[in-house]
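The data block below is run_5.cif; it holds mmCIF, C-alpha atoms.
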data_model
loop_
_atom_site.label_atom_id
_atom_site.label_comp_id
_atom_site.auth_asym_id
_atom_site.auth_seq_id
_atom_site.Cartn_x
_atom_site.Cartn_y
_atom_site.Cartn_z
CA MET A 1 95.20 80.23 93.35
CA SER A 2 94.62 79.23 89.77
CA LYS A 3 91.16 79.45 88.20
CA VAL A 4 89.94 77.52 85.16
CA ILE A 5 87.14 79.21 83.24
CA VAL A 6 85.17 77.80 80.30
CA VAL A 7 83.70 80.21 77.78
CA THR A 8 80.70 78.43 76.31
CA SER A 9 77.34 79.08 74.62
CA GLY A 10 75.84 76.13 72.77
CA LYS A 11 75.13 78.26 69.71
CA GLY A 12 77.91 79.18 67.32
CA GLY A 13 78.84 82.69 66.26
CA VAL A 14 77.75 84.47 69.43
CA GLY A 15 81.26 85.63 70.37
CA LYS A 16 82.96 82.90 72.43
CA THR A 17 86.35 83.27 70.76
CA THR A 18 86.22 87.08 70.73
CA SER A 19 85.24 87.07 74.40
CA THR A 20 87.95 84.57 75.35
CA ALA A 21 90.61 86.69 73.64
CA SER A 22 89.30 90.02 74.98
CA ILE A 23 88.85 88.92 78.59
CA GLY A 24 92.08 86.92 78.53
CA ALA A 25 94.02 89.96 77.31
CA ALA A 26 92.31 92.26 79.83
CA LEU A 27 93.21 89.94 82.73
CA ALA A 28 96.81 89.58 81.50
CA GLN A 29 97.15 93.37 81.27
CA THR A 30 96.66 93.51 85.05
CA GLY A 31 99.88 91.45 85.39
CA LYS A 32 98.23 88.09 86.03
CA ARG A 33 99.53 85.05 84.19
CA VAL A 34 96.84 83.98 81.72
CA CYS A 35 96.62 81.07 79.31
CA ILE A 36 93.83 80.97 76.74
CA VAL A 37 93.13 77.48 75.40
CA ASP A 38 91.38 76.64 72.14
CA PHE A 39 89.21 73.51 72.44
CA ASP A 40 87.79 73.72 68.94
CA VAL A 41 89.66 70.81 67.36
CA GLY A 42 89.54 70.96 63.57
CA LEU A 43 88.09 74.47 63.50
CA ARG A 44 90.57 76.45 65.53
CA ASN A 45 90.29 80.24 65.39
CA LEU A 46 91.61 81.62 68.64
CA ASP A 47 95.10 81.73 67.11
CA LEU A 48 93.75 83.90 64.29
CA VAL A 49 91.88 86.29 66.58
CA MET A 50 95.09 86.60 68.62
CA GLY A 51 97.22 87.21 65.51
CA ALA A 52 99.35 84.14 66.28
CA GLU A 53 98.31 81.87 63.40
CA ARG A 54 101.81 81.69 61.96
CA ARG A 55 103.43 80.85 65.26
CA VAL A 56 101.63 77.57 66.00
CA VAL A 57 104.11 74.70 66.00
CA TYR A 58 102.69 72.29 68.57
CA ASP A 59 99.08 72.15 69.72
CA PHE A 60 96.84 70.89 72.53
CA ILE A 61 96.65 67.35 71.11
CA ASN A 62 100.43 67.08 70.75
CA VAL A 63 100.71 67.93 74.45
CA ALA A 64 97.82 65.68 75.50
CA HIS A 65 99.43 62.75 73.66
CA GLY A 66 102.85 63.48 75.09
CA ASP A 67 104.38 64.30 71.67
CA ALA A 68 105.38 67.78 72.84
CA LYS A 69 106.02 69.46 76.17
CA LEU A 70 103.56 72.06 77.36
CA THR A 71 106.31 74.71 77.31
CA GLN A 72 106.97 73.94 73.63
CA ALA A 73 103.32 74.37 72.68
CA LEU A 74 102.55 77.55 74.63
CA ILE A 75 102.72 80.67 72.46
CA ARG A 76 103.65 83.81 74.34
CA ASP A 77 101.87 86.97 73.22
CA LYS A 78 104.18 89.59 71.74
CA ARG A 79 102.23 92.54 73.18
CA VAL A 80 101.28 91.37 76.68
CA SER A 81 104.06 89.29 78.20
CA THR A 82 101.92 87.40 80.74
CA LEU A 83 99.46 86.17 78.08
CA TYR A 84 99.88 82.72 76.50
CA LEU A 85 97.94 80.72 73.94
CA LEU A 86 97.53 76.96 73.61
CA ALA A 87 96.18 76.32 70.11
CA ALA A 88 93.85 73.52 69.07
CA SER A 89 94.85 71.06 66.40
CA GLN A 90 93.62 71.92 62.93
CA THR A 91 94.39 68.57 61.31
CA ARG A 92 93.48 65.91 63.86
CA ASP A 93 89.94 64.66 64.28
CA LYS A 94 87.90 65.75 67.27
CA ASP A 95 88.04 62.35 68.97
CA ALA A 96 91.78 62.69 69.47
CA LEU A 97 91.14 64.36 72.84
CA THR A 98 90.40 62.14 75.81
CA ASP A 99 89.16 62.92 79.31
CA GLU A 100 92.49 61.86 80.79
CA GLY A 101 94.54 63.85 78.28
CA VAL A 102 92.56 67.04 78.89
CA GLU A 103 92.62 66.56 82.65
CA ARG A 104 96.41 66.21 82.63
CA VAL A 105 96.98 69.31 80.47
CA ILE A 106 94.59 71.41 82.58
CA ARG A 107 96.32 70.20 85.76
CA ASP A 108 99.70 71.23 84.35
CA LEU A 109 98.35 74.62 83.25
CA ARG A 110 97.04 75.24 86.77
CA GLN A 111 100.63 74.95 88.02
CA SER A 112 101.89 77.90 86.04
CA PHE A 113 98.92 80.22 85.44
CA ASP A 114 96.57 82.38 87.51
CA TRP A 115 93.86 82.06 84.87
CA VAL A 116 93.22 79.30 82.35
CA ILE A 117 90.47 80.32 79.94
CA CYS A 118 89.02 77.57 77.76
CA ASP A 119 87.34 78.57 74.50
CA SER A 120 84.66 75.93 73.91
CA PRO A 121 83.52 74.78 70.47
CA ALA A 122 79.85 75.34 69.64
CA GLY A 123 77.35 72.54 70.14
CA ILE A 124 76.79 70.11 72.98
CA GLU A 125 78.98 67.32 71.67
CA ARG A 126 82.16 65.82 73.03
CA GLY A 127 84.38 68.85 72.39
CA ALA A 128 82.06 71.23 74.23
CA LEU A 129 81.66 68.76 77.11
CA LEU A 130 85.45 68.33 77.39
CA ALA A 131 85.98 72.09 77.43
CA MET A 132 83.64 72.49 80.42
CA ARG A 133 84.52 69.25 82.19
CA PHE A 134 87.42 70.43 84.38
CA ALA A 135 86.43 74.09 84.75
CA ASP A 136 85.88 75.86 88.07
CA GLN A 137 83.56 78.50 86.62
CA ALA A 138 81.75 79.19 83.37
CA ILE A 139 81.10 82.25 81.25
CA VAL A 140 77.92 81.66 79.25
CA VAL A 141 78.01 83.89 76.17
CA SER A 142 74.61 84.80 74.76
CA ASN A 143 73.15 87.22 72.24
CA PRO A 144 69.81 88.91 72.95
CA GLU A 145 68.13 86.64 70.43
CA ILE A 146 65.82 83.68 71.03
CA SER A 147 67.83 80.80 69.56
CA SER A 148 70.97 81.90 71.40
CA VAL A 149 69.12 82.23 74.74
CA ARG A 150 67.53 78.82 74.29
CA ASP A 151 70.90 77.20 73.61
CA SER A 152 72.42 79.00 76.61
CA ASP A 153 69.70 77.52 78.78
CA ARG A 154 70.62 74.07 77.53
CA ILE A 155 74.32 74.68 78.21
CA ILE A 156 73.53 75.82 81.76
CA GLY A 157 71.79 72.46 82.28
CA LEU A 158 74.91 70.64 81.07
CA LEU A 159 77.20 72.75 83.28
CA ASP A 160 75.08 71.65 86.23
CA SER A 161 75.19 67.96 85.34
CA ARG A 162 78.16 67.01 83.16
CA THR A 163 81.11 68.79 84.75
CA ARG A 164 83.50 67.32 87.29
CA ARG A 165 82.34 69.85 89.86
CA ALA A 166 78.66 69.01 89.34
CA GLU A 167 79.41 65.30 89.63
CA HIS A 168 81.14 65.91 92.95
CA GLY A 169 78.13 67.84 94.18
CA GLU A 170 80.02 71.14 94.15
CA LEU A 171 78.71 74.44 92.92
CA MET A 172 79.49 75.34 89.31
CA GLU A 173 79.60 79.13 89.26
CA LYS A 174 78.13 80.56 86.06
CA HIS A 175 78.25 84.09 84.65
CA LEU A 176 76.25 85.54 81.81
CA LEU A 177 78.04 87.62 79.20
CA LEU A 178 75.51 89.27 76.91
CA THR A 179 77.20 90.20 73.63
CA ARG A 180 76.15 92.08 70.47
CA PHE A 181 73.66 94.07 72.50
CA ASP A 182 72.07 97.03 70.75
CA PRO A 183 70.72 99.42 73.39
CA GLY A 184 68.76 101.49 70.88
CA ARG A 185 66.89 98.52 69.45
CA SER A 186 66.30 97.13 72.91
CA ASN A 187 64.85 100.46 74.09
CA ARG A 188 62.51 100.48 71.12
CA GLY A 189 61.28 96.99 71.99
CA GLU A 190 62.91 95.41 68.95
CA MET A 191 65.38 93.32 70.93
CA LEU A 192 65.23 91.37 74.20
CA SER A 193 66.35 93.60 77.08
CA VAL A 194 69.14 92.72 79.52
CA ALA A 195 66.44 92.19 82.16
CA ASP A 196 64.54 89.80 79.87
CA VAL A 197 67.58 87.58 79.31
CA LEU A 198 68.55 87.66 82.99
CA ASP A 199 65.01 86.82 83.97
CA ILE A 200 64.94 83.81 81.65
CA LEU A 201 68.41 82.39 82.33
CA SER A 202 68.63 83.31 86.05
CA ILE A 203 72.41 83.43 86.32
CA PRO A 204 74.42 86.47 87.46
CA LEU A 205 75.46 89.03 84.86
CA LEU A 206 79.18 89.42 84.15
CA GLY A 207 78.82 92.10 81.51
CA VAL A 208 76.94 93.52 78.56
CA ILE A 209 79.02 94.05 75.40
CA PRO A 210 77.45 96.49 72.96
CA GLU A 211 77.40 95.68 69.25
CA SER A 212 80.49 97.41 67.90
CA GLU A 213 82.38 97.87 64.66
CA GLU A 214 85.57 97.70 66.72
CA ILE A 215 85.13 93.94 67.19
CA LEU A 216 85.47 93.18 63.47
CA ARG A 217 88.32 95.67 63.20
CA ALA A 218 90.14 93.94 66.06
CA SER A 219 89.60 90.53 64.53
CA ASN A 220 90.84 91.77 61.12
CA LEU A 221 94.04 92.90 62.81
CA GLY A 222 94.44 89.84 65.05
CA GLU A 223 94.46 92.02 68.13
CA PRO A 224 91.98 91.58 71.00
CA VAL A 225 89.78 94.66 71.31
CA THR A 226 90.89 95.20 74.91
CA MET A 227 94.51 95.68 73.81
CA SER A 228 94.14 98.78 71.72
CA SER A 229 90.69 100.23 71.60
CA ALA A 230 88.94 102.72 73.86
CA SER A 231 85.56 101.83 72.37
CA PRO A 232 82.53 101.02 74.55
CA ALA A 233 82.91 97.32 73.67
CA ALA A 234 86.53 97.29 74.87
CA ARG A 235 85.54 99.13 78.05
CA SER A 236 82.73 96.63 78.70
CA TYR A 237 85.10 93.70 78.22
CA ARG A 238 87.61 95.25 80.64
CA GLU A 239 84.87 95.72 83.22
CA ALA A 240 83.70 92.13 82.74
CA ALA A 241 87.28 90.93 83.33
CA ARG A 242 87.49 92.97 86.54
CA ARG A 243 84.20 91.49 87.77
CA LEU A 244 85.50 88.02 86.98
CA ALA A 245 88.53 88.80 89.15
CA GLY A 246 86.18 89.61 92.02
CA GLU A 247 85.72 93.37 91.83
CA THR A 248 82.28 94.84 92.37
CA LEU A 249 81.54 97.37 89.65
CA ALA A 250 78.28 99.10 88.83
CA MET A 251 76.76 97.60 85.70
CA VAL A 252 76.33 100.32 83.11
CA ILE A 253 74.17 99.17 80.24
CA PRO A 254 75.65 101.18 77.36
CA ASP A 255 72.62 103.32 76.51
CA GLU A 256 71.93 104.38 80.07
CA ARG A 257 74.75 106.87 79.74
CA LYS A 258 72.60 108.83 77.32
CA THR A 259 70.50 111.80 78.29
CA LEU A 260 66.86 112.26 77.50
CA LEU A 261 67.78 114.69 74.71
CA THR A 262 69.96 112.23 72.85
CA ARG A 263 67.25 109.62 73.25
CA LEU A 264 64.73 111.96 71.68
CA PHE A 265 66.87 113.30 68.88
CA GLY A 266 69.68 110.80 68.55
CA ARG A 267 67.69 107.89 67.18
CA ARG A 268 70.10 107.30 64.34
CA ALA A 269 73.10 107.51 66.61
CA ALA A 270 71.70 104.98 69.04
CA MET B 1 54.12 104.37 53.84
CA THR B 2 57.45 104.52 55.64
CA LEU B 3 56.25 107.06 58.20
CA PHE B 4 52.98 105.23 58.67
CA GLY B 5 54.82 101.91 58.81
CA PHE B 6 57.18 103.27 61.45
CA PHE B 7 54.36 104.16 63.80
CA LYS B 8 52.54 100.92 63.14
CA ARG B 9 55.62 98.79 63.86
CA ARG B 10 54.97 96.73 66.98
CA ALA B 11 57.56 95.90 69.59
CA THR B 12 58.63 92.31 68.96
CA ALA B 13 60.83 91.77 72.03
CA PRO B 14 57.84 90.93 74.29
CA VAL B 15 56.78 88.27 71.78
CA ALA B 16 60.30 86.80 71.84
CA ARG B 17 60.33 86.81 75.63
CA GLU B 18 56.98 85.07 75.90
CA ARG B 19 57.86 82.43 73.31
CA LEU B 20 61.12 81.70 75.12
CA GLN B 21 59.50 81.49 78.54
CA ILE B 22 56.92 78.98 77.33
CA LEU B 23 59.43 76.92 75.36
CA LEU B 24 62.01 76.76 78.14
CA ALA B 25 59.42 75.89 80.78
CA HIS B 26 58.64 72.80 78.69
CA GLU B 27 62.21 71.94 77.75
CA ARG B 28 63.50 72.21 81.30
CA VAL B 29 60.85 69.81 82.56
CA ALA B 30 61.33 67.38 79.67
CA LEU B 31 65.16 67.31 79.77
CA GLY B 32 65.36 67.53 83.56
CA THR B 33 62.91 64.69 84.13
CA ARG B 34 64.51 62.48 81.52
CA ASP B 35 67.89 62.90 83.17
CA LEU B 36 66.45 62.24 86.63
CA ILE B 37 64.66 59.09 85.50
CA ALA B 38 67.80 57.77 83.81
CA ILE B 39 69.81 58.38 86.99
CA LEU B 40 67.16 56.79 89.21
CA ARG B 41 66.90 53.80 86.90
CA ASP B 42 70.66 53.19 86.89
CA GLU B 43 70.92 53.50 90.66
CA LEU B 44 67.89 51.30 91.31
CA ILE B 45 69.25 48.59 89.02
CA ALA B 46 72.62 48.70 90.79
CA THR B 47 71.01 48.54 94.25
CA ILE B 48 68.58 45.74 93.45
CA ALA B 49 71.21 43.73 91.56
CA ARG B 50 73.37 43.67 94.69
CA HIS B 51 70.72 41.60 96.45
CA ILE B 52 68.63 39.95 93.77
CA ASP B 53 69.51 38.36 90.46
CA PHE B 54 66.97 40.03 88.17
CA ASP B 55 66.49 41.23 84.63
CA PRO B 56 67.14 45.01 84.41
CA GLU B 57 64.72 45.13 81.48
CA LYS B 58 61.91 44.29 83.91
CA LEU B 59 62.39 47.51 85.85
CA SER B 60 60.31 50.49 84.88
CA VAL B 61 60.49 53.99 86.28
CA LYS B 62 57.79 56.51 85.48
CA MET B 63 57.28 60.03 86.61
CA ASP B 64 54.02 61.87 86.23
CA ARG B 65 53.29 65.46 86.86
CA ALA B 66 49.75 66.39 87.80
CA GLY B 67 49.05 69.88 89.04
CA SER B 68 50.87 70.63 92.28
CA PHE B 69 52.53 67.22 92.83
CA SER B 70 54.48 64.57 90.98
CA THR B 71 54.27 60.83 91.36
CA LEU B 72 57.15 58.42 90.96
CA GLU B 73 56.20 54.91 89.97
CA ILE B 74 58.77 52.12 90.21
CA ASP B 75 57.80 48.69 89.00
CA VAL B 76 60.20 45.75 89.38
CA GLU B 77 59.38 42.28 88.25
CA ILE B 78 61.34 39.56 90.09
CA PRO B 79 61.09 35.82 89.48
CA CYS B 80 60.04 34.01 92.71
CA ASP B 81 63.00 31.62 92.80
CA LYS B 82 65.55 34.44 92.60
CA VAL B 83 64.82 35.84 96.05
CA ASP B 84 67.00 34.24 98.69
CA THR B 85 64.55 34.09 101.59
CA ARG B 86 67.30 33.23 104.07
CA ARG B 87 68.52 36.79 103.75
CA PHE B 88 65.06 38.14 104.51
CA PRO B 89 63.81 35.70 107.18
CA SER B 90 61.03 37.87 108.48
CA THR B 91 60.23 41.47 109.12
CA GLU B 92 60.98 41.00 112.84
CA ALA B 93 64.68 40.58 112.12
CA SER B 94 65.05 44.18 111.14
CA PRO B 95 68.36 45.89 111.97
CA ALA B 96 66.52 48.12 114.44
CA GLN B 97 66.27 45.13 116.78
CA HIS B 98 69.96 45.38 117.62
CA PHE B 99 69.37 48.74 119.16
CA TRP B 100 66.19 47.83 120.97
CA PRO B 101 66.52 48.52 124.71
CA LYS B 102 66.67 45.30 126.70
#

Could I get this file's structure written as structure tokens?
Amino acid sequence: MSKVIVVTSGKGGVGKTTSTASIGAALAQTGKRVCIVDFDVGLRNLDLVMGAERRVVYDFINVAHGDAKLTQALIRDKRVSTLYLLAASQTRDKDALTDEGVERVIRDLRQSFDWVICDSPAGIERGALLAMRFADQAIVVSNPEISSVRDSDRIIGLLDSRTRRAEHGELMEKHLLLTRFDPGRSNRGEMLSVADVLDILSIPLLGVIPESEEILRASNLGEPVTMSSASPAARSYREAARRLAGETLAMVIPDERKTLLTRLFGRRAA
Amino acid sequence: MTLFGFFKRRATAPVARERLQILLAHERVALGTRDLIAILRDELIATIARHIDFDPEKLSVKMDRAGSFSTLEIDVEIPCDKVDTRRFPSTEASPAQHFWPK
């Protein structure tokens, strides 16, 4: 059965696009058919993070308006054959998407994919609401930082009131993905802990992605971190993808792997 | 100074947590209540308008929170001539009468 996931956050720059690409690639690597969809009309970036920016011919709006077939607009990944991208339009204005158009495209995507992962634009405007509207589940991406957590709280409220599922009185399953987490700083009381954020937002934890240089490297290369790297961030994203698919895995907060000795003497390495 | 400053540096995460908890407690109530009142208002207008021709502007919905309970205050102003009394002959003609054992 096909699942539609929205990756959302309210605040910009917390890692929605990176997370969409990384989790999408990780799911596709298990052989499932995955389509990642960019909802950020006018400011598309998922194509760039996926290294497919020169292959975009038709986009979401072309399909929604009936100017192109879905099969013409889908871009198949060159590295993972079950991974596809539907790009957002860079030239059209954000009002070009309608409820009906989005609903039709999502319905068609459900026919041919196991996972449809929607990368939401930042904010709580029309684009963000459309990205969440027809989703079955949500991944709320948050940084351990007050403005991001506040905005996540607001988005959770919208997921519970403005989605199709919420309007039908059904449960909207939500998962927290805590990104850019620095275990060392958190241990020293300089950053909100995982427990703090969980306590405040009260939604189940999908994963904790440590702050990592590999993320920028991956984005420079246009290659999701889960495709090539063996870094802790890539491992955390792979584990998050497995949890999303229903596996029960122990949650290892990156720094907990460290011994007392490295905690005492490895301050700089933390 | 750097060594001294290092030891003096206070943990700021607890401050962040407390500020967030207080802020969100307020925002959740404010946003949640506003949404609820808007929904109640729309549904009340629709329900009343089915039976009575009235001015939706004359309907007010207020919610107050005081300690352990909340009060919901609904105030509807209806012009006398707009109520069709034939539809509400008397309280005795309640639907329950149909099921009253003979």

Evaluate the PyMOL selection byres ((chain B) within 10 of (chain A)) and report residues as a PyMOL selection string: chain B and resi 9-21+23-25+27-28+31-32+35

Cut-off 9 Å around (66.2, 51.4, 82.3) with only C-alpha atoms: residues as a list in words: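 Every polymer residue passing the test: Ile37, Ala38, Leu40, Arg41, Asp42, Ile45, Pro56, Glu57, Lys58, Leu59, Ser60 and Val61 of chain B.
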
Selection under test: the PyMOL selection byres ((chain B and resi 79) around 10); residues as a VMD selection string: chain B and resid 52 to 55 76 to 78 80 to 83

Residue members of the PyMOL selection byres ((chain A and resi 141) around 8) in the file shown, as an MDAnalysis selection string: chainID A and resid 7:9 14:16 139:140 142:143 152 176:179

Let me know the centre plus edge lengths, in Å and rounded to one decimal, of a box with edges along x, y and z that contains all listed atoms of region 65-79 of chain B and is padded by 3 Å on every side, as AutoDock Vina command-line options.
--center_x 55.2 --center_y 53.2 --center_z 89.8 --size_x 18.3 --size_y 40.8 --size_z 12.0

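Using only C-alpha atoms, the nearest neighbour of Met227 (chain A) within the list A:Leu86, A:Asp38, A:Ile215, A:Glu100 is A:Ile215.
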
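Take CA of Ile36 (chain A) and CA of Ser112 (chain A): the distance between them is 12.7 Å.
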